[in-house]
>>> print(open('model12.tsv').read())   # TSV, C-alpha atoms and all ligand atoms
chain	number	residue	atom	x	y	z
A	24	MET	CA	-20.98	7.91	24.31
A	25	SER	CA	-19.45	5.45	21.87
A	26	MET	CA	-18.89	6.32	18.19
A	27	PRO	CA	-20.52	4.18	15.47
A	28	VAL	CA	-17.09	2.93	14.43
A	29	VAL	CA	-15.89	-0.65	14.03
A	30	ALA	CA	-12.15	-0.56	14.71
A	31	ILE	CA	-10.07	-3.40	13.28
A	32	ASP	CA	-6.39	-3.47	14.17
A	33	GLY	CA	-3.69	-6.03	13.62
A	34	PRO	CA	-0.28	-6.73	12.08
A	35	ALA	CA	0.66	-6.79	8.38
A	36	GLY	CA	-0.86	-9.59	6.34
A	37	VAL	CA	-3.40	-10.69	8.95
A	38	GLY	CA	-6.30	-10.16	6.52
A	39	LYS	CA	-7.70	-6.87	7.87
A	40	THR	CA	-8.36	-5.36	4.46
A	41	THR	CA	-10.30	-8.36	3.17
A	42	VAL	CA	-12.38	-8.70	6.32
A	43	ALA	CA	-12.94	-4.94	6.68
A	44	GLY	CA	-14.30	-4.81	3.12
A	45	LYS	CA	-16.72	-7.70	3.65
A	46	LEU	CA	-17.79	-6.33	7.01
A	47	ALA	CA	-18.41	-2.88	5.53
A	48	ASP	CA	-20.56	-4.56	2.83
A	49	ALA	CA	-22.57	-6.46	5.44
A	50	LEU	CA	-23.10	-3.37	7.60
A	51	GLY	CA	-23.75	-1.04	4.65
A	52	ILE	CA	-21.13	1.55	5.66
A	53	PRO	CA	-17.83	2.84	4.21
A	54	ARG	CA	-14.45	1.36	5.03
A	55	LEU	CA	-11.47	3.47	6.02
A	56	ASP	CA	-8.18	1.84	4.99
A	57	THR	CA	-5.75	3.89	7.09
A	58	GLY	CA	-2.70	1.91	5.91
A	59	ALA	CA	-3.46	3.27	2.43
A	60	MET	CA	-2.90	6.82	3.76
A	61	PHE	CA	0.60	5.94	4.96
A	62	ARG	CA	1.24	4.05	1.71
A	63	ALA	CA	0.11	7.00	-0.45
A	64	ILE	CA	2.39	9.34	1.51
A	65	ALA	CA	5.30	6.87	1.10
A	66	LEU	CA	4.62	6.42	-2.62
A	67	ASN	CA	4.48	10.16	-3.26
A	68	LEU	CA	7.37	11.33	-1.09
A	69	GLY	CA	9.61	8.30	-1.77
A	70	GLU	CA	12.84	7.33	0.02
A	71	ASN	CA	14.19	10.90	-0.25
A	72	GLY	CA	11.27	12.31	1.74
A	73	LEU	CA	12.64	10.55	4.82
A	74	ASN	CA	15.51	13.06	4.81
A	75	MET	CA	13.14	15.99	5.37
A	76	ASN	CA	13.30	17.80	8.68
A	77	PRO	CA	10.04	18.15	10.67
A	78	ARG	CA	9.19	21.54	9.18
A	79	GLU	CA	9.77	20.37	5.60
A	80	LEU	CA	7.77	17.21	6.20
A	81	ARG	CA	4.83	19.15	7.67
A	82	GLN	CA	4.95	21.45	4.65
A	83	ALA	CA	4.96	18.46	2.24
A	84	LEU	CA	2.03	16.85	4.09
A	85	SER	CA	-0.02	20.02	3.81
A	86	HIS	CA	-0.36	19.21	0.09
A	87	PHE	CA	-2.15	15.91	0.81
A	88	ASP	CA	-5.88	15.54	1.27
A	89	PHE	CA	-7.67	12.24	1.81
A	90	ARG	CA	-11.37	11.60	1.21
A	91	VAL	CA	-13.45	8.46	1.54
A	92	GLU	CA	-15.85	7.80	-1.32
A	93	GLY	CA	-18.38	5.01	-1.73
A	94	CYS	CA	-19.58	2.23	0.53
A	95	GLY	CA	-18.70	-1.30	1.63
A	96	GLY	CA	-15.82	-3.17	0.03
A	97	ALA	CA	-16.01	-0.82	-2.96
A	98	THR	CA	-15.11	2.22	-0.84
A	99	ARG	CA	-12.22	4.19	-2.31
A	100	LEU	CA	-9.70	6.30	-0.46
A	101	LEU	CA	-8.92	9.25	-2.69
A	102	CYS	CA	-5.61	11.06	-2.32
A	103	ASN	CA	-6.06	14.58	-3.72
A	104	GLY	CA	-9.08	13.34	-5.67
A	105	ILE	CA	-7.28	10.36	-7.23
A	106	ASP	CA	-7.39	6.65	-6.32
A	107	PRO	CA	-3.70	5.66	-6.09
A	108	GLY	CA	-4.68	2.08	-7.00
A	109	ALA	CA	-2.53	-1.04	-7.11
A	110	ALA	CA	0.82	0.81	-6.88
A	111	LEU	CA	0.19	1.13	-3.13
A	112	ARG	CA	0.16	-2.61	-2.59
A	113	GLN	CA	3.84	-3.32	-3.30
A	114	GLU	CA	5.70	-4.81	-0.27
A	115	ARG	CA	8.42	-2.16	-0.74
A	116	ILE	CA	5.81	0.57	-0.25
A	117	GLY	CA	4.48	-1.23	2.85
A	118	VAL	CA	7.91	-1.13	4.49
A	119	LEU	CA	8.45	2.52	3.48
A	120	ALA	CA	4.97	3.39	4.80
A	121	SER	CA	5.86	1.75	8.10
A	122	THR	CA	8.98	3.97	8.33
A	123	TYR	CA	6.99	7.13	7.54
A	124	ALA	CA	4.48	6.00	10.19
A	125	THR	CA	7.16	6.40	12.89
A	126	ARG	CA	7.44	10.17	12.18
A	127	PRO	CA	5.39	12.33	14.61
A	128	GLU	CA	4.48	14.83	11.84
A	129	VAL	CA	3.02	12.02	9.73
A	130	ARG	CA	1.04	10.60	12.66
A	131	GLU	CA	-0.35	14.03	13.59
A	132	PHE	CA	-1.48	14.59	10.02
A	133	THR	CA	-2.99	11.14	9.45
A	134	LEU	CA	-4.74	11.25	12.84
A	135	ARG	CA	-6.50	14.42	11.74
A	136	MET	CA	-7.50	12.95	8.37
A	137	GLN	CA	-8.73	9.71	9.95
A	138	GLN	CA	-10.78	11.40	12.66
A	139	ARG	CA	-12.31	13.69	10.05
A	140	ALA	CA	-13.35	10.64	7.98
A	141	GLY	CA	-14.83	9.05	11.12
A	142	SER	CA	-16.81	12.18	11.97
A	143	MET	CA	-18.84	11.89	8.73
A	144	GLY	CA	-20.84	8.86	9.88
A	145	PRO	CA	-20.53	5.15	10.71
A	146	ILE	CA	-17.38	3.52	9.38
A	147	VAL	CA	-15.25	0.37	9.52
A	148	ALA	CA	-11.74	1.65	10.27
A	149	GLU	CA	-8.76	-0.65	9.85
A	150	GLY	CA	-5.14	-0.06	10.82
A	151	ARG	CA	-2.77	-0.37	13.77
A	152	ASP	CA	-4.04	2.20	16.28
A	153	MET	CA	-7.77	2.52	15.50
A	154	GLY	CA	-8.93	1.21	18.89
A	155	THR	CA	-6.13	2.72	20.96
A	156	VAL	CA	-5.57	6.24	19.57
A	157	VAL	CA	-7.74	7.27	16.61
A	158	PHE	CA	-11.16	6.05	17.78
A	159	PRO	CA	-10.79	5.26	21.50
A	160	THR	CA	-14.58	5.41	21.90
A	161	ALA	CA	-15.35	3.09	18.95
A	162	ALA	CA	-18.45	0.98	19.62
A	163	PHE	CA	-16.59	-2.15	18.49
A	164	LYS	CA	-12.89	-2.92	18.70
A	165	PHE	CA	-11.33	-6.01	17.19
A	166	PHE	CA	-7.69	-7.04	17.07
A	167	LEU	CA	-6.86	-9.71	14.50
A	168	ASP	CA	-3.70	-11.75	14.97
A	169	ALA	CA	-1.88	-14.68	13.32
A	170	SER	CA	1.67	-16.04	13.32
A	171	PRO	CA	4.21	-14.40	10.96
A	172	GLU	CA	4.42	-17.68	8.98
A	173	VAL	CA	0.66	-17.73	8.33
A	174	ARG	CA	0.60	-14.04	7.41
A	175	ALA	CA	3.57	-14.33	5.03
A	176	LYS	CA	1.95	-17.29	3.28
A	177	ARG	CA	-1.33	-15.38	2.84
A	178	ARG	CA	0.45	-12.32	1.45
A	179	TRP	CA	2.49	-14.54	-0.90
A	180	LEU	CA	-0.63	-16.30	-2.22
A	181	GLU	CA	-2.34	-12.96	-2.75
A	182	LEU	CA	0.64	-11.41	-4.59
A	183	THR	CA	1.30	-14.55	-6.65
A	184	ALA	CA	-2.35	-14.66	-7.73
A	185	ARG	CA	-1.88	-11.11	-9.05
A	186	GLY	CA	1.18	-12.20	-11.04
A	187	GLY	CA	3.84	-11.23	-8.46
A	188	THR	CA	7.09	-13.22	-8.28
A	189	THR	CA	8.44	-12.18	-4.87
A	190	PRO	CA	9.71	-15.29	-3.03
A	191	LEU	CA	7.92	-16.31	0.18
A	192	ALA	CA	11.13	-15.90	2.24
A	193	GLU	CA	11.46	-12.26	1.18
A	194	ILE	CA	7.84	-11.52	2.10
A	195	MET	CA	8.39	-13.19	5.47
A	196	ASP	CA	11.47	-11.00	6.13
A	197	LYS	CA	9.54	-7.83	5.25
A	198	ILE	CA	6.62	-8.82	7.48
A	199	ILE	CA	8.96	-9.44	10.43
A	200	GLU	CA	10.75	-6.14	9.79
A	201	ARG	CA	7.43	-4.27	9.65
A	202	ASP	CA	6.08	-6.02	12.75
A	203	ALA	CA	9.11	-4.91	14.76
A	204	GLN	CA	8.88	-1.32	13.50
A	205	ASP	CA	5.10	-1.06	14.01
A	206	ARG	CA	5.11	-2.62	17.50
A	207	ASN	CA	8.15	-0.80	18.88
A	208	ARG	CA	7.61	2.78	17.74
A	209	PRO	CA	7.04	5.24	20.60
A	210	ILE	CA	3.90	6.88	19.13
A	211	ALA	CA	0.72	4.85	18.58
A	212	PRO	CA	2.41	1.43	18.41
A	213	LEU	CA	0.57	-1.63	17.16
A	214	LYS	CA	-1.17	-3.20	20.16
A	215	PRO	CA	-4.69	-4.24	21.12
A	216	ALA	CA	-6.80	-1.72	23.04
A	217	ASP	CA	-7.57	-2.88	26.59
A	218	ASP	CA	-11.19	-3.38	25.57
A	219	ALA	CA	-10.52	-5.00	22.17
A	220	ILE	CA	-11.75	-8.47	21.27
A	221	ILE	CA	-8.68	-10.43	20.12
A	222	ILE	CA	-9.23	-12.98	17.37
A	223	ASP	CA	-6.49	-15.40	16.30
A	224	THR	CA	-7.18	-15.96	12.61
A	225	SER	CA	-4.39	-18.54	12.03
A	226	LEU	CA	-6.86	-21.41	11.64
A	227	LEU	CA	-9.81	-19.42	10.27
A	228	ASP	CA	-10.75	-18.57	6.70
A	229	PRO	CA	-12.01	-15.04	5.86
A	230	ALA	CA	-15.68	-16.13	6.05
A	231	GLN	CA	-15.18	-17.48	9.57
A	232	VAL	CA	-13.45	-14.29	10.70
A	233	LEU	CA	-16.27	-12.22	9.19
A	234	ASN	CA	-18.88	-14.31	10.98
A	235	ALA	CA	-17.09	-13.92	14.31
A	236	LEU	CA	-17.14	-10.13	13.93
A	237	LEU	CA	-20.71	-9.95	12.65
A	238	ASP	CA	-21.88	-12.12	15.50
A	239	LYS	CA	-20.50	-9.70	18.10
A	240	ILE	CA	-21.93	-6.68	16.28
A	241	ARG	CA	-25.39	-8.02	15.55
A	242	THR	CA	-25.95	-9.29	19.08
A	243	SER	CA	-25.10	-5.89	20.57
A	244	PRO	CA	-27.53	-2.95	20.89
A	245	ALA	CA	-24.76	-0.67	19.52
A	246	GLY	CA	-24.85	-2.70	16.30
A	247	LYS	CA	-28.42	-1.62	15.52
A	248	VAL	CA	-27.27	1.74	14.11
A	249	PHE	CA	-25.74	0.23	10.98
A	250	PRO	CA	-28.08	0.21	7.93
A	251	GLY	CA	-27.21	-3.36	6.84
A	252	HIS	CA	-26.80	-2.62	3.13
A	253	CYS	CA	-25.17	-0.03	0.89
A	254	HIS	CA	-27.49	2.26	-1.06
A	255	ALA	CA	-27.41	1.49	-4.76
B	1	LIG	O1	-2.12	-1.92	6.82
B	1	LIG	P1	-0.99	-1.65	5.83
B	1	LIG	O2	-0.09	-2.82	5.61
B	1	LIG	O3	-1.51	-1.12	4.53
B	1	LIG	O4	-0.12	-0.48	6.49
B	1	LIG	C1	1.11	-0.02	5.97
B	1	LIG	C2	1.95	0.59	7.10
B	1	LIG	O5	1.34	1.80	7.54
B	1	LIG	C3	2.08	-0.26	8.35
B	1	LIG	O6	3.17	-1.16	8.31
B	1	LIG	C4	2.25	0.75	9.44
B	1	LIG	C5	1.50	1.95	8.95
B	1	LIG	N1	0.20	2.11	9.60
B	1	LIG	C6	0.18	2.72	10.83
B	1	LIG	O7	1.23	3.04	11.38
B	1	LIG	N2	-1.00	2.99	11.42
B	1	LIG	C7	-2.16	2.65	10.85
B	1	LIG	N3	-3.31	2.94	11.45
B	1	LIG	C8	-2.16	1.98	9.60
B	1	LIG	C9	-0.96	1.71	9.00
>>> encode(input="model12.tsv", output="structure tokens")
Amino acid sequence: MSMPVVAIDGPAGVGKTTVAGKLADALGIPRLDTGAMFRAIALNLGENGLNMNPRELRQALSHFDFRVEGCGGATRLLCNGIDPGAALRQERIGVLASTYATRPEVREFTLRMQQRAGSMGPIVAEGRDMGTVVFPTAAFKFFLDASPEVRAKRRWLELTARGGTTPLAEIMDKIIERDAQDRNRPIAPLKPADDAIIIDTSLLDPAQVLNALLDKIRTSPAGKVFPGHCHA
């Protein structure tokens, strides 16, 4: 039996969050931004938290609780009842999150939180290991890819539009650093599931990526379970 989950995996800056939000709107279901869990842990525990031994880290994680609230692109991931907001989106926090994501205690904890969110009903789940580890029986599995140059440029445009001043070269370096760490870690590395549909988004805009995904979902019997709109 497959789960009514749409799994979207892919590297940093490939556009998963944008597409997952639009897809969740179109299907009328919540979105689970799993990167935001790792980012919230990184933001709260900071650089010093990386010095904790496994027991201390497990203890620190026991104080975190994540809940999904809302529907579609407006879904919020609450950390202990609070939306951590824009602070999560800093590149520095992305790199720190990627380092926390190599720790087995963090992966065990986030796996539990993510599977609990997925057990509540249909969901669009985006991350690195949705199709391979967290939701291996997801009804739909997509893996979005694009060259590091394209991804760095997208991230830079997004950050600049929000008033950021980080140079493109620095963003590119961080993306390459994160790629290496996410792909080469021993537990749940970034890679497409054997049964994932791989989409190279380098030459596509977000609307075209969304259409490619919707096309696969709407032409499949498994896609009939999604309501198609969020309740007001
Ligand atoms: O998707 P993102 O950029 O917000 O993710 C931040 C980091 O969190 C990413 O570099 C690696 C980690 N991550 C992970 O290991 N597994 C996931 N399912 C999602 C994110």
>>> residues_near_point(input="model12.tsv", point="(-14.5, -11.1, 15.0)", cutoff="8 Å", atoms="all atoms listed in the file", output="number ranges by chain")
A: 165, 167, 220-222, 232-239
>>> residues_near_ligand(input="model12.tsv", ligand="ligand LIG 1 (chain B)", cutoff="6 Å", atoms="all atoms listed in the file", output="list in words")
Ala35, Thr57, Gly58, Ala59, Phe61, Arg62, Gly117, Ala120, Ser121, Ala124, Gly150, Arg151, Asp152, Arg201 and Asp205 of chain A
>>> residues_around(input="model12.tsv", residues="Cys102 (chain A)", least_positions_apart="5", cutoff="8 Å", atoms="all atoms listed in the file", output="short mmCIF file (atom, residue, chain, number, x, y, z; two decimals) with C-alpha atoms, in the frame of the given file")
data_model
loop_
_atom_site.label_atom_id
_atom_site.label_comp_id
_atom_site.auth_asym_id
_atom_site.auth_seq_id
_atom_site.Cartn_x
_atom_site.Cartn_y
_atom_site.Cartn_z
CA MET A 60 -2.90 6.82 3.76
CA ALA A 63 0.11 7.00 -0.45
CA PHE A 87 -2.15 15.91 0.81
CA ASP A 88 -5.88 15.54 1.27
CA PHE A 89 -7.67 12.24 1.81
CA ARG A 90 -11.37 11.60 1.21
CA PRO A 107 -3.70 5.66 -6.09
#
>>> closest_residue(input="model12.tsv", among="A:Ala65, A:Val29, A:Leu134, A:Leu226", to="Ile116 (chain A)", atoms="all atoms listed in the file")
A:Ala65
>>> closest_residue(input="model12.tsv", among="A:Cys94, A:Leu227, A:Leu119, A:Ala110", to="Leu50 (chain A)", atoms="all atoms listed in the file")
A:Cys94
>>> atom_distance(input="model12.tsv", atom1="CA of Glu114 (chain A)", atom2="CA of Lys39 (chain A)")
15.8 Å
>>> atom_distance(input="model12.tsv", atom1="CA of Phe249 (chain A)", atom2="CA of Thr98 (chain A)")
16.0 Å
>>> atom_distance(input="model12.tsv", atom1="CA of Trp179 (chain A)", atom2="CA of Lys164 (chain A)")
27.5 Å
>>> closest_residue(input="model12.tsv", among="A:Gly96, A:Gly108, A:Gly38, A:Pro145", to="Leu66 (chain A)", atoms="all atoms listed in the file")
A:Gly108
>>> axis_aligned_box(input="model12.tsv", around="region 66-80 of chain A", padding_each_side="8 Å", output="AutoDock Vina command-line options")
--center_x 10.0 --center_y 14.0 --center_z 3.7 --size_x 27.0 --size_y 31.1 --size_z 29.9
>>> build_atoms(input="model12.tsv", residues="region 193-205 of chain A", atoms="N, CA, C and O atoms", output="PDB file, in the coordinates of the input")
ATOM      1  N   GLU A 193      11.269 -13.718   1.185  1.00  0.00           N
ATOM      2  CA  GLU A 193      11.460 -12.260   1.180  1.00  0.00           C
ATOM      3  C   GLU A 193      10.253 -11.566   1.822  1.00  0.00           C
ATOM      4  O   GLU A 193      10.389 -10.605   2.574  1.00  0.00           O
ATOM      5  N   ILE A 194       9.065 -12.091   1.521  1.00  0.00           N
ATOM      6  CA  ILE A 194       7.840 -11.520   2.100  1.00  0.00           C
ATOM      7  C   ILE A 194       7.857 -11.695   3.616  1.00  0.00           C
ATOM      8  O   ILE A 194       7.531 -10.786   4.376  1.00  0.00           O
ATOM      9  N   MET A 195       8.290 -12.878   4.041  1.00  0.00           N
ATOM     10  CA  MET A 195       8.390 -13.190   5.470  1.00  0.00           C
ATOM     11  C   MET A 195       9.336 -12.194   6.162  1.00  0.00           C
ATOM     12  O   MET A 195       9.010 -11.638   7.212  1.00  0.00           O
ATOM     13  N   ASP A 196      10.498 -11.937   5.540  1.00  0.00           N
ATOM     14  CA  ASP A 196      11.470 -11.000   6.130  1.00  0.00           C
ATOM     15  C   ASP A 196      10.855  -9.617   6.267  1.00  0.00           C
ATOM     16  O   ASP A 196      11.017  -8.951   7.281  1.00  0.00           O
ATOM     17  N   LYS A 197      10.132  -9.175   5.229  1.00  0.00           N
ATOM     18  CA  LYS A 197       9.540  -7.830   5.250  1.00  0.00           C
ATOM     19  C   LYS A 197       8.461  -7.733   6.318  1.00  0.00           C
ATOM     20  O   LYS A 197       8.306  -6.719   6.976  1.00  0.00           O
ATOM     21  N   ILE A 198       7.693  -8.810   6.471  1.00  0.00           N
ATOM     22  CA  ILE A 198       6.620  -8.820   7.480  1.00  0.00           C
ATOM     23  C   ILE A 198       7.230  -8.731   8.890  1.00  0.00           C
ATOM     24  O   ILE A 198       6.760  -7.966   9.739  1.00  0.00           O
ATOM     25  N   ILE A 199       8.313  -9.464   9.102  1.00  0.00           N
ATOM     26  CA  ILE A 199       8.960  -9.440  10.430  1.00  0.00           C
ATOM     27  C   ILE A 199       9.565  -8.055  10.704  1.00  0.00           C
ATOM     28  O   ILE A 199       9.435  -7.508  11.797  1.00  0.00           O
ATOM     29  N   GLU A 200      10.146  -7.472   9.656  1.00  0.00           N
ATOM     30  CA  GLU A 200      10.750  -6.140   9.790  1.00  0.00           C
ATOM     31  C   GLU A 200       9.664  -5.107  10.139  1.00  0.00           C
ATOM     32  O   GLU A 200       9.812  -4.272  11.024  1.00  0.00           O
ATOM     33  N   ARG A 201       8.529  -5.210   9.444  1.00  0.00           N
ATOM     34  CA  ARG A 201       7.430  -4.270   9.650  1.00  0.00           C
ATOM     35  C   ARG A 201       6.782  -4.463  11.021  1.00  0.00           C
ATOM     36  O   ARG A 201       6.451  -3.491  11.698  1.00  0.00           O
ATOM     37  N   ASP A 202       6.622  -5.723  11.424  1.00  0.00           N
ATOM     38  CA  ASP A 202       6.080  -6.020  12.750  1.00  0.00           C
ATOM     39  C   ASP A 202       6.884  -5.303  13.825  1.00  0.00           C
ATOM     40  O   ASP A 202       6.326  -4.639  14.699  1.00  0.00           O
ATOM     41  N   ALA A 203       8.225  -5.479  13.736  1.00  0.00           N
ATOM     42  CA  ALA A 203       9.110  -4.910  14.760  1.00  0.00           C
ATOM     43  C   ALA A 203       8.964  -3.395  14.776  1.00  0.00           C
ATOM     44  O   ALA A 203       8.817  -2.782  15.839  1.00  0.00           O
ATOM     45  N   GLN A 204       8.961  -2.791  13.586  1.00  0.00           N
ATOM     46  CA  GLN A 204       8.880  -1.320  13.500  1.00  0.00           C
ATOM     47  C   GLN A 204       7.516  -0.818  14.000  1.00  0.00           C
ATOM     48  O   GLN A 204       7.434   0.162  14.711  1.00  0.00           O
ATOM     49  N   ASP A 205       6.443  -1.522  13.630  1.00  0.00           N
ATOM     50  CA  ASP A 205       5.100  -1.060  14.010  1.00  0.00           C
ATOM     51  C   ASP A 205       4.829  -1.263  15.513  1.00  0.00           C
ATOM     52  O   ASP A 205       4.146  -0.462  16.138  1.00  0.00           O
TER      53      ASP A 205
END
